[in-house]
Every structure is written in structure tokens, then in C-alpha cells.
$ cat my_file06.pdb   # PDB, C-alpha atoms
MODEL        1
ATOM      1  CA  MET A 152      -0.224  43.424   4.075
ATOM      2  CA  SER A 153      -2.762  43.030   6.868
ATOM      3  CA  GLU A 154      -2.322  40.668   9.798
ATOM      4  CA  LEU A 155      -4.836  38.381   8.072
ATOM      5  CA  SER A 156      -2.935  38.031   4.827
ATOM      6  CA  ALA A 157      -1.103  34.827   5.741
ATOM      7  CA  LYS A 158      -3.895  33.203   7.764
ATOM      8  CA  HIS A 159      -6.117  30.267   6.863
ATOM      9  CA  LEU A 160      -9.494  31.875   7.513
ATOM     10  CA  VAL A 161     -12.266  29.641   6.160
ATOM     11  CA  SER A 162     -14.117  27.327   8.542
ATOM     12  CA  GLY A 163     -15.692  24.462   6.666
ATOM     13  CA  VAL A 164     -18.323  23.965   3.998
ATOM     14  CA  ASP A 165     -21.067  26.606   4.099
ATOM     15  CA  HIS A 166     -22.958  24.591   1.509
ATOM     16  CA  ALA A 167     -22.318  22.344  -1.450
ATOM     17  CA  ALA A 168     -25.176  22.711  -3.939
ATOM     18  CA  PHE A 169     -26.653  20.289  -6.473
ATOM     19  CA  PRO A 170     -29.679  20.278  -8.755
ATOM     20  CA  THR A 171     -32.474  17.797  -8.172
ATOM     21  CA  PHE A 172     -35.389  16.743 -10.344
ATOM     22  CA  ASP A 173     -36.883  14.658  -7.532
ATOM     23  CA  PRO A 174     -37.225  16.725  -4.363
ATOM     24  CA  VAL A 175     -39.631  14.191  -2.836
ATOM     25  CA  ALA A 176     -37.064  11.390  -2.933
ATOM     26  CA  THR A 177     -34.292  13.819  -1.994
ATOM     27  CA  VAL A 178     -36.168  14.780   1.176
ATOM     28  CA  ARG A 179     -36.879  11.119   1.916
ATOM     29  CA  PHE A 180     -33.188  10.299   1.540
ATOM     30  CA  TYR A 181     -31.544  13.158   3.415
ATOM     31  CA  ARG A 182     -34.201  14.062   6.022
ATOM     32  CA  ASP A 183     -36.301  10.946   6.556
ATOM     33  CA  THR A 184     -33.672   8.244   6.046
ATOM     34  CA  LEU A 185     -30.418   9.847   7.182
ATOM     35  CA  GLY A 186     -32.059  12.237   9.655
ATOM     36  CA  PHE A 187     -30.405  15.410   8.360
ATOM     37  CA  PRO A 188     -32.637  18.336   9.445
ATOM     38  CA  VAL A 189     -33.953  20.804   6.890
ATOM     39  CA  VAL A 190     -32.354  24.048   8.034
ATOM     40  CA  HIS A 191     -33.080  26.602   5.365
ATOM     41  CA  SER A 192     -35.026  27.044   2.172
ATOM     42  CA  ILE A 193     -35.690  29.759  -0.345
ATOM     43  CA  CYS A 194     -38.730  29.986  -2.626
ATOM     44  CA  ALA A 195     -37.808  32.264  -5.474
ATOM     45  CA  ALA A 196     -39.550  33.478  -8.599
ATOM     46  CA  GLY A 197     -37.444  33.141 -11.684
ATOM     47  CA  TRP A 198     -35.741  36.334 -12.770
ATOM     48  CA  GLY A 199     -32.883  37.510 -14.955
ATOM     49  CA  PRO A 200     -32.132  37.438 -18.662
ATOM     50  CA  ASP A 201     -31.744  33.683 -18.789
ATOM     51  CA  ASP A 202     -35.417  32.628 -18.759
ATOM     52  CA  HIS A 203     -34.777  31.358 -15.251
ATOM     53  CA  PRO A 204     -37.574  29.113 -13.917
ATOM     54  CA  ASP A 205     -39.111  29.564 -10.476
ATOM     55  CA  PHE A 206     -37.163  27.475  -7.990
ATOM     56  CA  ILE A 207     -36.837  26.131  -4.461
ATOM     57  CA  HIS A 208     -33.360  26.129  -2.904
ATOM     58  CA  PHE A 209     -33.314  23.902   0.166
ATOM     59  CA  PHE A 210     -30.663  22.929   2.659
ATOM     60  CA  PHE A 211     -29.956  19.980   4.973
ATOM     61  CA  ASP A 212     -27.681  20.148   8.007
ATOM     62  CA  ILE A 213     -24.732  17.754   7.566
ATOM     63  CA  GLY A 214     -23.214  18.468  10.982
ATOM     64  CA  ASN A 215     -20.539  20.939  12.024
ATOM     65  CA  ASP A 216     -22.937  23.723  10.863
ATOM     66  CA  ASP A 217     -22.161  22.656   7.290
ATOM     67  CA  ARG A 218     -24.937  22.072   4.760
ATOM     68  CA  ILE A 219     -25.785  20.209   1.583
ATOM     69  CA  ALA A 220     -28.188  22.154  -0.625
ATOM     70  CA  PHE A 221     -30.399  21.427  -3.611
ATOM     71  CA  PHE A 222     -32.078  23.425  -6.334
ATOM     72  CA  TYR A 223     -35.426  22.322  -7.693
ATOM     73  CA  TYR A 224     -36.509  24.239 -10.822
ATOM     74  CA  PHE A 225     -40.223  24.118 -11.636
ATOM     75  CA  GLY A 226     -40.875  22.893 -15.151
ATOM     76  CA  LEU A 227     -37.254  22.084 -15.996
ATOM     77  CA  GLU A 228     -37.112  18.784 -17.806
ATOM     78  CA  ALA A 229     -35.046  16.032 -16.188
ATOM     79  CA  PRO A 230     -32.219  14.496 -18.209
ATOM     80  CA  GLU A 231     -32.615  11.050 -19.719
ATOM     81  CA  THR A 232     -30.989   8.684 -17.232
ATOM     82  CA  SER A 233     -32.067   5.292 -18.561
ATOM     83  CA  ARG A 234     -28.870   4.971 -20.619
ATOM     84  CA  GLY A 235     -25.238   5.675 -19.810
ATOM     85  CA  LYS A 236     -23.721   6.528 -16.442
ATOM     86  CA  GLY A 237     -23.585   9.415 -14.030
ATOM     87  CA  ASP A 238     -26.111  11.526 -12.162
ATOM     88  CA  VAL A 239     -28.756  14.101 -13.020
ATOM     89  CA  TYR A 240     -26.126  16.843 -13.311
ATOM     90  CA  ALA A 241     -23.480  15.014 -15.353
ATOM     91  CA  ARG A 242     -24.115  12.157 -17.762
ATOM     92  CA  PHE A 243     -21.457   9.952 -19.337
ATOM     93  CA  GLY A 244     -21.426   7.287 -22.006
ATOM     94  CA  SER A 245     -21.672   3.669 -20.876
ATOM     95  CA  ASP A 246     -18.022   3.141 -21.894
ATOM     96  CA  THR A 247     -16.770   5.735 -19.378
ATOM     97  CA  PRO A 248     -14.717   3.938 -16.699
ATOM     98  CA  GLU A 249     -16.462   3.534 -13.358
ATOM     99  CA  PHE A 250     -13.460   4.950 -11.451
ATOM    100  CA  PHE A 251     -13.867   8.213 -13.344
ATOM    101  CA  VAL A 252     -17.629   8.450 -12.849
ATOM    102  CA  ARG A 253     -17.195   7.774  -9.114
ATOM    103  CA  SER A 254     -14.277  10.172  -8.685
ATOM    104  CA  ARG A 255     -16.626  13.072  -8.035
ATOM    105  CA  HIS A 256     -18.546  12.365  -4.859
ATOM    106  CA  ILE A 257     -19.386  13.761  -1.463
ATOM    107  CA  ALA A 258     -18.075  12.102   1.720
ATOM    108  CA  LEU A 259     -19.418  12.966   5.155
ATOM    109  CA  HIS A 260     -17.439  12.253   8.293
ATOM    110  CA  VAL A 261     -18.421  10.268  11.388
ATOM    111  CA  ASN A 262     -16.341   9.793  14.525
ATOM    112  CA  SER A 263     -16.835   6.112  15.295
ATOM    113  CA  GLU A 264     -17.672   2.662  13.968
ATOM    114  CA  GLU A 265     -20.891   2.775  15.976
ATOM    115  CA  HIS A 266     -21.965   5.942  14.162
ATOM    116  CA  LEU A 267     -20.975   4.561  10.748
ATOM    117  CA  LEU A 268     -22.986   1.402  11.373
ATOM    118  CA  GLU A 269     -25.994   3.439  12.512
ATOM    119  CA  TYR A 270     -26.018   5.185   9.117
ATOM    120  CA  ARG A 271     -25.589   1.808   7.463
ATOM    121  CA  ARG A 272     -28.661   0.586   9.344
ATOM    122  CA  ARG A 273     -30.724   3.608   8.270
ATOM    123  CA  LEU A 274     -29.698   3.265   4.611
ATOM    124  CA  ASP A 275     -30.198  -0.497   4.501
ATOM    125  CA  ALA A 276     -33.782  -0.028   5.723
ATOM    126  CA  SER A 277     -34.468   2.461   2.917
ATOM    127  CA  ASP A 278     -34.754   2.445  -0.878
ATOM    128  CA  TRP A 279     -31.036   3.382  -1.025
ATOM    129  CA  PRO A 280     -29.204   0.533   0.732
ATOM    130  CA  VAL A 281     -25.442   0.584   1.187
ATOM    131  CA  GLU A 282     -23.811  -0.641  -2.022
ATOM    132  CA  MET A 283     -20.305  -1.092  -0.612
ATOM    133  CA  GLN A 284     -18.659  -1.074   2.790
ATOM    134  CA  ILE A 285     -14.898  -0.821   2.504
ATOM    135  CA  GLN A 286     -12.322  -0.927   5.244
ATOM    136  CA  HIS A 287      -8.626  -0.638   4.655
ATOM    137  CA  GLU A 288      -5.780   0.176   6.970
ATOM    138  CA  THR A 289      -6.656   3.816   7.631
ATOM    139  CA  ILE A 290     -10.340   4.410   6.821
ATOM    140  CA  GLU A 291     -13.709   2.680   6.702
ATOM    141  CA  SER A 292     -16.492   3.907   4.422
ATOM    142  CA  ILE A 293     -20.020   3.083   3.309
ATOM    143  CA  TYR A 294     -21.288   4.112  -0.108
ATOM    144  CA  THR A 295     -24.569   4.499  -1.894
ATOM    145  CA  HIS A 296     -26.104   6.703  -4.583
ATOM    146  CA  ASP A 297     -28.649   9.315  -3.546
ATOM    147  CA  PRO A 298     -31.955   9.627  -5.463
ATOM    148  CA  ASN A 299     -30.280  12.030  -7.905
ATOM    149  CA  GLY A 300     -27.522   9.574  -8.748
ATOM    150  CA  TYR A 301     -24.918  11.474  -6.711
ATOM    151  CA  PHE A 302     -22.304   9.110  -5.304
ATOM    152  CA  PHE A 303     -22.521   9.426  -1.522
ATOM    153  CA  GLU A 304     -20.023   8.237   1.095
ATOM    154  CA  ILE A 305     -19.889   8.258   4.871
ATOM    155  CA  THR A 306     -16.420   7.645   6.252
ATOM    156  CA  ARG A 307     -14.475   7.317   9.479
ATOM    157  CA  ALA A 308     -10.766   7.439  10.157
ATOM    158  CA  LEU A 309      -9.253   4.373  11.839
ATOM    159  CA  ARG A 310      -6.481   6.506  13.281
ATOM    160  CA  PRO A 311      -5.713  10.242  13.441
ATOM    161  CA  VAL A 312      -3.636  11.746  10.626
ATOM    162  CA  THR A 313      -0.007  12.061  11.773
ATOM    163  CA  PRO A 314       2.011  15.281  11.289
ATOM    164  CA  GLN A 315       4.416  13.520   8.909
ATOM    165  CA  GLU A 316       1.493  12.756   6.597
ATOM    166  CA  ASP A 317       0.927  16.490   6.216
ATOM    167  CA  LEU A 318       4.592  16.935   5.290
ATOM    168  CA  ASP A 319       4.351  14.024   2.854
ATOM    169  CA  ALA A 320       1.207  15.469   1.249
ATOM    170  CA  ASN A 321       2.969  18.796   0.715
ATOM    171  CA  LEU A 322       6.031  17.130  -0.808
ATOM    172  CA  THR A 323       3.783  15.109  -3.138
ATOM    173  CA  ILE A 324       1.909  18.179  -4.326
ATOM    174  CA  ASP A 325       5.063  20.268  -4.762
ATOM    175  CA  ALA A 326       6.614  17.403  -6.750
ATOM    176  CA  LEU A 327       3.465  17.070  -8.860
ATOM    177  CA  VAL A 328       3.387  20.785  -9.656
ATOM    178  CA  ASP A 329       7.092  20.655 -10.579
ATOM    179  CA  ILE A 330       6.876  17.655 -12.903
ATOM    180  CA  LEU A 331       3.786  18.967 -14.679
ATOM    181  CA  GLN A 332       5.931  21.794 -16.056
ATOM    182  CA  GLN A 333       7.239  19.170 -18.513
ATOM    183  CA  PRO A 334       5.199  16.981 -20.874
ATOM    184  CA  GLY A 335       4.994  13.247 -20.258
ATOM    185  CA  ALA A 336       4.600  13.400 -16.479
ATOM    186  CA  SER A 337       4.389   9.991 -14.824
ATOM    187  CA  MET A 338       4.388   8.368 -11.406
ATOM    188  CA  ASP A 339       8.070   7.610 -12.000
ATOM    189  CA  ALA A 340       8.888  11.303 -12.535
ATOM    190  CA  LEU A 341       6.865  12.201  -9.450
ATOM    191  CA  LEU A 342       8.680   9.734  -7.190
ATOM    192  CA  VAL A 343      12.095  10.892  -8.460
ATOM    193  CA  ARG A 344      11.236  14.550  -7.844
ATOM    194  CA  LYS A 345       9.731  13.704  -4.467
ATOM    195  CA  ALA A 346      12.951  11.977  -3.404
ATOM    196  CA  GLU A 347      14.806  15.229  -4.134
ATOM    197  CA  LEU A 348      12.312  17.219  -2.047
ATOM    198  CA  ILE A 349      12.578  14.704   0.793
ATOM    199  CA  MET A 350      16.367  15.176   0.818
ATOM    200  CA  GLU A 351      15.948  18.972   0.799
ATOM    201  CA  ARG A 352      13.239  19.296   3.429
ATOM    202  CA  ALA A 353      12.589  16.217   5.581
ATOM    203  CA  GLU A 354      15.479  16.648   8.039
ATOM    204  CA  ASN A 355      14.608  20.294   8.677
ATOM    205  CA  TRP A 356      10.973  19.402   9.179
ATOM    206  CA  GLN A 357      11.948  16.815  11.792
ATOM    207  CA  ASP A 358      14.160  19.345  13.611
ATOM    208  CA  GLU A 359      11.324  21.869  13.640
ATOM    209  CA  GLN A 360       8.893  19.276  15.014
ATOM    210  CA  GLU A 361      11.316  18.429  17.799
ATOM    211  CA  ALA A 362      11.901  22.114  18.587
ATOM    212  CA  GLU A 363       8.135  22.629  18.782
ATOM    213  CA  ARG A 364       7.769  19.746  21.210
ATOM    214  CA  GLU A 365      10.346  21.466  23.438
ATOM    215  CA  LEU A 366       8.167  24.552  23.758
ATOM    216  CA  ILE A 367       6.025  24.988  26.835
ATOM    217  CA  PRO A 368       3.134  27.426  27.174
ATOM    218  CA  SER A 369       3.672  30.587  29.206
ATOM    219  CA  PRO A 370       1.653  33.811  29.710
ATOM    220  CA  GLU A 371       3.888  35.475  27.100
ATOM    221  CA  GLY A 372       3.395  32.644  24.600
ATOM    222  CA  PRO A 373       5.372  29.413  24.091
ATOM    223  CA  VAL A 374       8.933  29.353  25.473
ATOM    224  CA  ARG A 375      11.730  26.834  25.193
ATOM    225  CA  ARG A 376      11.759  24.152  27.894
TER     226      ARG A 376
ATOM    227  CA  MET B 136      26.003   3.340  -7.149
ATOM    228  CA  THR B 137      23.749   3.013  -4.162
ATOM    229  CA  ALA B 138      20.078   3.462  -4.968
ATOM    230  CA  ARG B 139      17.583   4.619  -2.362
ATOM    231  CA  LEU B 140      13.882   4.208  -1.755
ATOM    232  CA  PHE B 141      12.055   6.558   0.634
ATOM    233  CA  VAL B 142       9.091   5.360   2.685
ATOM    234  CA  LEU B 143       7.053   7.553   5.044
ATOM    235  CA  ASP B 144       7.197   6.407   8.669
ATOM    236  CA  VAL B 145       3.551   5.620   9.421
ATOM    237  CA  PRO B 146       2.365   2.422  11.140
ATOM    238  CA  GLU B 147       0.933   0.869   7.956
ATOM    239  CA  ASN B 148       4.270   1.035   6.105
ATOM    240  CA  VAL B 149       6.350  -0.522   8.877
ATOM    241  CA  PRO B 150       5.667  -4.203   7.958
ATOM    242  CA  ILE B 151       6.950  -3.590   4.409
ATOM    243  CA  VAL B 152      10.061  -1.817   5.622
ATOM    244  CA  GLU B 153      10.705  -4.608   8.133
ATOM    245  CA  ILE B 154      10.585  -7.221   5.373
ATOM    246  CA  ALA B 155      12.719  -5.199   2.937
ATOM    247  CA  ARG B 156      15.462  -4.380   5.450
ATOM    248  CA  GLY B 157      15.973  -8.117   5.998
ATOM    249  CA  TYR B 158      16.919  -8.749   2.362
ATOM    250  CA  PRO B 159      20.633  -9.307   1.660
ATOM    251  CA  GLY B 160      22.442  -6.084   0.743
ATOM    252  CA  VAL B 161      19.635  -3.782   1.864
ATOM    253  CA  SER B 162      20.361  -1.190   4.546
ATOM    254  CA  LEU B 163      17.948   0.983   6.471
ATOM    255  CA  GLU B 164      18.410   4.588   7.578
ATOM    256  CA  LYS B 165      16.160   7.503   8.468
ATOM    257  CA  VAL B 166      15.888  10.945   6.826
ATOM    258  CA  GLY B 167      13.461  13.025   8.864
ATOM    259  CA  PRO B 168      10.206  11.039   9.066
ATOM    260  CA  TYR B 169      11.154   8.812   6.104
ATOM    261  CA  PHE B 170      12.712   5.365   6.153
ATOM    262  CA  VAL B 171      15.454   5.067   3.543
ATOM    263  CA  LEU B 172      16.076   1.608   2.092
ATOM    264  CA  ALA B 173      19.388   1.518   0.224
ATOM    265  CA  ALA B 174      21.066  -1.163  -1.909
ATOM    266  CA  GLU B 175      23.532  -1.563  -4.772
ATOM    267  CA  SER B 176      21.414  -3.918  -6.866
ATOM    268  CA  ASN B 177      17.889  -5.072  -7.702
ATOM    269  CA  VAL B 178      15.413  -5.483  -4.865
ATOM    270  CA  THR B 179      12.140  -7.398  -5.030
ATOM    271  CA  VAL B 180       9.560  -7.184  -2.245
ATOM    272  CA  ASP B 181       7.056 -10.035  -2.144
ATOM    273  CA  ARG B 182       3.624  -8.602  -1.314
ATOM    274  CA  ARG B 183       2.294 -11.612   0.545
ATOM    275  CA  SER B 184       5.311 -11.685   2.860
ATOM    276  CA  THR B 185       4.458  -8.155   4.019
ATOM    277  CA  GLY B 186       0.870  -8.981   4.954
ATOM    278  CA  VAL B 187      -0.375  -5.569   3.795
ATOM    279  CA  ARG B 188      -3.560  -5.060   1.837
ATOM    280  CA  HIS B 189      -4.142  -3.183  -1.409
ATOM    281  CA  ALA B 190      -4.623   0.387  -0.187
ATOM    282  CA  VAL B 191      -1.227   0.378   1.531
ATOM    283  CA  TRP B 192       0.568  -1.869  -0.966
ATOM    284  CA  TYR B 193      -0.180   0.475  -3.851
ATOM    285  CA  SER B 194       0.752   3.653  -1.952
ATOM    286  CA  TRP B 195       3.714   2.880   0.303
ATOM    287  CA  VAL B 196       6.463   4.318  -1.914
ATOM    288  CA  GLY B 197       7.522   7.883  -1.063
ATOM    289  CA  GLY B 198      10.438   8.571  -3.403
ATOM    290  CA  LEU B 199      12.990   6.992  -5.745
ATOM    291  CA  GLU B 200      16.646   7.834  -6.164
ATOM    292  CA  GLY B 201      18.782   5.810  -8.598
ATOM    293  CA  TRP B 202      16.190   3.095  -8.996
ATOM    294  CA  GLN B 203      13.195   2.624 -11.202
ATOM    295  CA  ILE B 204      10.168   0.465 -10.583
ATOM    296  CA  GLU B 205      10.052  -2.523 -12.916
ATOM    297  CA  GLN B 206       7.104  -4.312 -11.321
ATOM    298  CA  TRP B 207       4.385  -3.117  -8.925
ATOM    299  CA  ASP B 208       1.450  -5.476  -8.891
ATOM    300  CA  ARG B 209      -0.417  -7.830  -6.590
ATOM    301  CA  ASP B 210       2.558 -10.182  -6.409
ATOM    302  CA  ALA B 211       5.637  -8.049  -6.025
ATOM    303  CA  PHE B 212       7.380  -4.699  -6.080
ATOM    304  CA  ARG B 213      10.635  -4.837  -8.033
ATOM    305  CA  LEU B 214      13.309  -2.134  -8.255
ATOM    306  CA  VAL B 215      16.121  -2.086 -10.808
ATOM    307  CA  PRO B 216      18.926   0.451 -11.233
ATOM    308  CA  ARG B 217      17.911   3.435 -13.346
TER     309      ARG B 217
ENDMDL
END
$ encode --input "my_file06.pdb" --output "C-alpha cells"
Amino acid sequence: MSELSAKHLVSGVDHAAFPTFDPVATVRFYRDTLGFPVVHSICAAGWGPDDHPDFIHFFFDIGNDDRIAFFYYFGLEAPETSRGKGDVYARFGSDTPEFFVRSRHIALHVNSEEHLLEYRRRLDASDWPVEMQIQHETIESIYTHDPNGYFFEITRALRPVTPQEDLDANLTIDALVDILQQPGASMDALLVRKAELIMERAENWQDEQEAERELIPSPEGPVRR
Amino acid sequence: MTARLFVLDVPENVPIVEIARGYPGVSLEKVGPYFVLAAESNVTVDRRSTGVRHAVWYSWVGGLEGWQIEQWDRDAFRLVPR
């Protein structure tokens, strides 16, 4: 085991990549409307056994040194999008529930209401106006669809995430993994299992949090107050 | 038997806990960062009395012990013994 084996080493999204059949509109949306700089692109001749077309792979900066990227394949026919639901990558029948179609989306983060509303202003002045602005107790988001039909969100947090929410998330996921070992899993089974995990782990977690708060930094590392 | 409902202690959940603890026969304790509402019988929480909106109303419950949820809709959240 190396000293890295237990560490969380990744640092964000290098790129999330999507196909496009309309690079002109994609550039208008991401670069000209939202103001995301083009930061990289690759012009490549098709190669390989798969009859791969020539393509352009291009990237926009989405902040934090992270990037959203697109592939445009010359000569590849676009899917029929006049019927049904979904985007240019995934199409669904018109009877597919909207919640399912919208479940796969990209959400970018902003740090303030002022910044969220600035993106709202840019989108509303474009061909892709904001379709929904939703605020509930902890977040506020704006939504639209990009020119490829990808569901696109910009969101801000109304308060920082508290440490106990991280504990709660872990208990939820551990409970979910446990109950899915049996058929017929339900919200009821999850909440019953989660109550057991809360009884096993919540007190200890609280004690550890309090012990951590007692620590003060020193040249040799944190020491007890 | 006493049944217990666990609710994470975050600001959004506090109004619901405050309403529920005021019902007859309901007691409130803490286990780590969770509120624990305990009672011997059925408990019904009226949504409008809590003042919370949908995102919190449909996600405030952290765990169930001895109870099951009989109703969880826009009007009320109702627990009955399991």
C-alpha cells in the first residue's frame, strides 16, 4: 500500500464530452451567449477499424479549469428529433416521463445570485431563454436546453453544506446499498435501515466532530486544546 | 412500544420538528446531529402548519423505527405503528 492508496486524488472535471450535429449553434450558445472561452480543439482525420469519420473535438472553459467538450463528425447524419423526447445523443418515446428525460443533465455552479441572474440575462437575450427558474430552501437554479437538446442548469447554493449533511448522505447511501441486497426495496425499507445506522453511528460522529473542534494547529500538526 | 422518527438537524427541518414536538404525547431528543421525535401512538403533521415548501417537505424524514408512513402528501405526513 502506498501513501496515496487511501487518498481522494482527483480534482474536478477535466472534461465532459457530448456529440453535436450543430457546432454553429453550439458555439453561439456556449461561447457567444454564455461567454465560455474556447480553450482547446482537435482536428482529426478519421482512423481505426470502425469507419470513423473525420471530426473536430472542441472544448469550452466552464470555470475552475474544468471543460465541456463536443465532438462534431463530418458527414454523420443527425438523428430525427421532430418526434419524441430527449437530445441528439439519446432519444425517447413521447410517453417517457419528463422527470426521467431530465434526470440526466449538466449543472454548472455560480457563487452568487448576482452571477446567476447575469447568466439568466445572457440566456434570455438569446435563442435559448431560461425555461425555468426554481428556488427552494437550499438552492436556486436556472434551466434551459442547449442547441443539442442537452438539459442545462446553472445553480447556486443558498447556504453552505453542513458537516452533518455529509454524514446523512453517507448513511443514506449505506442504507440504500444494504436494502438493495433484497428484492422489493422501497423508501420504507430505506428509512428503517437508515434509522439503524443512525443509532449505530450518529453519536460517535458527533463526538468526533467535537474532538476535532478541540484541536488547535501547531508546528507538529493539530494538538488537543 | 415507543416509535421514533429521526430528522437531520439542519435549519430547514427545524420548523417541522418544532411543530411536531408540540403535539400531545410527542417527545424530542437528540442522537448525534439528528432530532428524535418519539411517541406511543399515531402522529400526523399538518404541512401547512410547518410553513415549509415542497423540496423540504418531501425530504425531511431521516429514519423510521417502529412506525410506518401511512400518508405523505401535500396535506399531511402521518405515522402509524408498524
$ resolve_selection --input "my_file06.pdb" --expression "the PyMOL selection byres ((chain B) within 10 of (chain A))" --output "list in words"
Arg139, Leu140, Phe141, Val142, Leu143, Asp144, Val145, Pro146, Glu147, Lys165, Val166, Gly167, Pro168, Tyr169, Val187, Arg188, His189, Ala190, Val191, Val196, Gly197, Gly198, Leu199, Glu200, Gly201, Trp202, Gln203 and Ile204 of chain B
$ closest_residue --input "my_file06.pdb" --among "A:Ser156, A:Ser277, A:Asn262, A:Asn299" --to "Thr177 in chain A" --atoms "all atoms listed in the file"
A:Asn299
$ closest_residue --input "my_file06.pdb" --among "B:Ala173, B:Ala138, B:Gly157, B:Gly186" --to "Pro216 in chain B" --atoms "all atoms listed in the file"
B:Ala138
$ atom_distance --input "my_file06.pdb" --atom1 "CA of Phe225 in chain A" --atom2 "CA of Phe302 in chain A"
24.2 Å
$ residues_near_point --input "my_file06.pdb" --point "(4.4, -3.9, 4.4)" --cutoff "9 Å" --atoms "all atoms listed in the file" --output "list in words"
Glu147, Asn148, Val149, Pro150, Ile151, Val152, Glu153, Ile154, Ala155, Arg182, Arg183, Ser184, Thr185, Gly186, Val187, Arg188, Val191, Trp192 and Trp195 of chain B
$ atom_distance --input "my_file06.pdb" --atom1 "CA of Ile257 in chain A" --atom2 "CA of Ala308 in chain A"
15.8 Å
$ resolve_selection --input "my_file06.pdb" --expression "the PyMOL selection byres ((chain A and resi 208) around 9)" --output "list in words"
Ala168, His191, Ser192, Ile193, Cys194, Ala195, Phe206, Ile207, Phe209, Phe210, Ala220, Phe221, Phe222, Tyr223 and Tyr224 of chain A
$ residues_around --input "my_file06.pdb" --residues "Asp216 in chain A" --least-positions-apart "3" --cutoff "12 Å" --atoms "all atoms listed in the file" --output "list of chain:residue names"
A:Ser162, A:Gly163, A:Val164, A:Asp165, A:His166, A:Phe187, A:Pro188, A:Val190, A:His191, A:Phe210, A:Phe211, A:Asp212, A:Ile213, A:Ile219
$ residues_around --input "my_file06.pdb" --residues "Leu227 in chain A" --least-positions-apart "6" --cutoff "12 Å" --atoms "all atoms listed in the file" --output "list of chain:residue names"
A:Pro170, A:Thr171, A:Phe172, A:Asp173, A:Gly197, A:Asp202, A:His203, A:Pro204, A:Asp205, A:Phe206
$ build_atoms --input "my_file06.pdb" --residues "range 364-370 of chain A" --atoms "all heavy atoms" --output "mmCIF file, in the frame of the given file"
data_model
loop_
_atom_site.group_PDB
_atom_site.id
_atom_site.type_symbol
_atom_site.label_atom_id
_atom_site.label_comp_id
_atom_site.auth_asym_id
_atom_site.auth_seq_id
_atom_site.Cartn_x
_atom_site.Cartn_y
_atom_site.Cartn_z
ATOM 1 N N ARG A 364 8.123 20.576 20.051
ATOM 2 C CA ARG A 364 7.769 19.746 21.210
ATOM 3 C C ARG A 364 8.462 20.238 22.483
ATOM 4 O O ARG A 364 8.005 19.983 23.584
ATOM 5 C CB ARG A 364 8.149 18.284 20.950
ATOM 6 C CG ARG A 364 7.006 17.497 20.299
ATOM 7 C CD ARG A 364 7.212 15.992 20.463
ATOM 8 N NE ARG A 364 8.351 15.509 19.687
ATOM 9 C CZ ARG A 364 8.286 15.194 18.408
ATOM 10 N NH1 ARG A 364 7.155 15.293 17.759
ATOM 11 N NH2 ARG A 364 9.355 14.750 17.778
ATOM 12 N N GLU A 365 9.598 20.933 22.297
ATOM 13 C CA GLU A 365 10.346 21.466 23.438
ATOM 14 C C GLU A 365 9.662 22.682 24.044
ATOM 15 O O GLU A 365 9.978 23.079 25.150
ATOM 16 C CB GLU A 365 11.750 21.894 22.973
ATOM 17 C CG GLU A 365 12.599 20.755 22.452
ATOM 18 C CD GLU A 365 13.202 19.951 23.585
ATOM 19 O OE1 GLU A 365 13.888 20.567 24.412
ATOM 20 O OE2 GLU A 365 12.962 18.732 23.655
ATOM 21 N N LEU A 366 8.769 23.305 23.286
ATOM 22 C CA LEU A 366 8.167 24.552 23.758
ATOM 23 C C LEU A 366 7.114 24.262 24.819
ATOM 24 O O LEU A 366 6.382 23.286 24.731
ATOM 25 C CB LEU A 366 7.526 25.308 22.588
ATOM 26 C CG LEU A 366 8.474 25.758 21.483
ATOM 27 C CD1 LEU A 366 7.693 26.451 20.369
ATOM 28 C CD2 LEU A 366 9.558 26.684 22.024
ATOM 29 N N ILE A 367 7.071 25.110 25.823
ATOM 30 C CA ILE A 367 6.025 24.988 26.835
ATOM 31 C C ILE A 367 5.231 26.296 26.885
ATOM 32 O O ILE A 367 5.784 27.362 26.646
ATOM 33 C CB ILE A 367 6.598 24.649 28.235
ATOM 34 C CG1 ILE A 367 7.743 25.609 28.587
ATOM 35 C CG2 ILE A 367 7.067 23.217 28.289
ATOM 36 C CD1 ILE A 367 8.222 25.474 30.006
ATOM 37 N N PRO A 368 3.934 26.201 27.161
ATOM 38 C CA PRO A 368 3.134 27.426 27.174
ATOM 39 C C PRO A 368 3.537 28.331 28.333
ATOM 40 O O PRO A 368 3.944 27.857 29.388
ATOM 41 C CB PRO A 368 1.702 26.918 27.372
ATOM 42 C CG PRO A 368 1.784 25.450 27.598
ATOM 43 C CD PRO A 368 3.198 25.009 27.519
ATOM 44 N N SER A 369 3.451 29.621 28.124
ATOM 45 C CA SER A 369 3.672 30.587 29.206
ATOM 46 C C SER A 369 2.738 31.761 28.949
ATOM 47 O O SER A 369 2.189 31.878 27.856
ATOM 48 C CB SER A 369 5.134 31.053 29.229
ATOM 49 O OG SER A 369 5.307 32.086 28.272
ATOM 50 N N PRO A 370 2.563 32.664 29.933
ATOM 51 C CA PRO A 370 1.653 33.811 29.710
ATOM 52 C C PRO A 370 2.100 34.674 28.544
ATOM 53 O O PRO A 370 1.283 35.326 27.897
ATOM 54 C CB PRO A 370 1.753 34.592 31.032
ATOM 55 C CG PRO A 370 2.242 33.604 32.037
ATOM 56 C CD PRO A 370 3.091 32.621 31.300
#
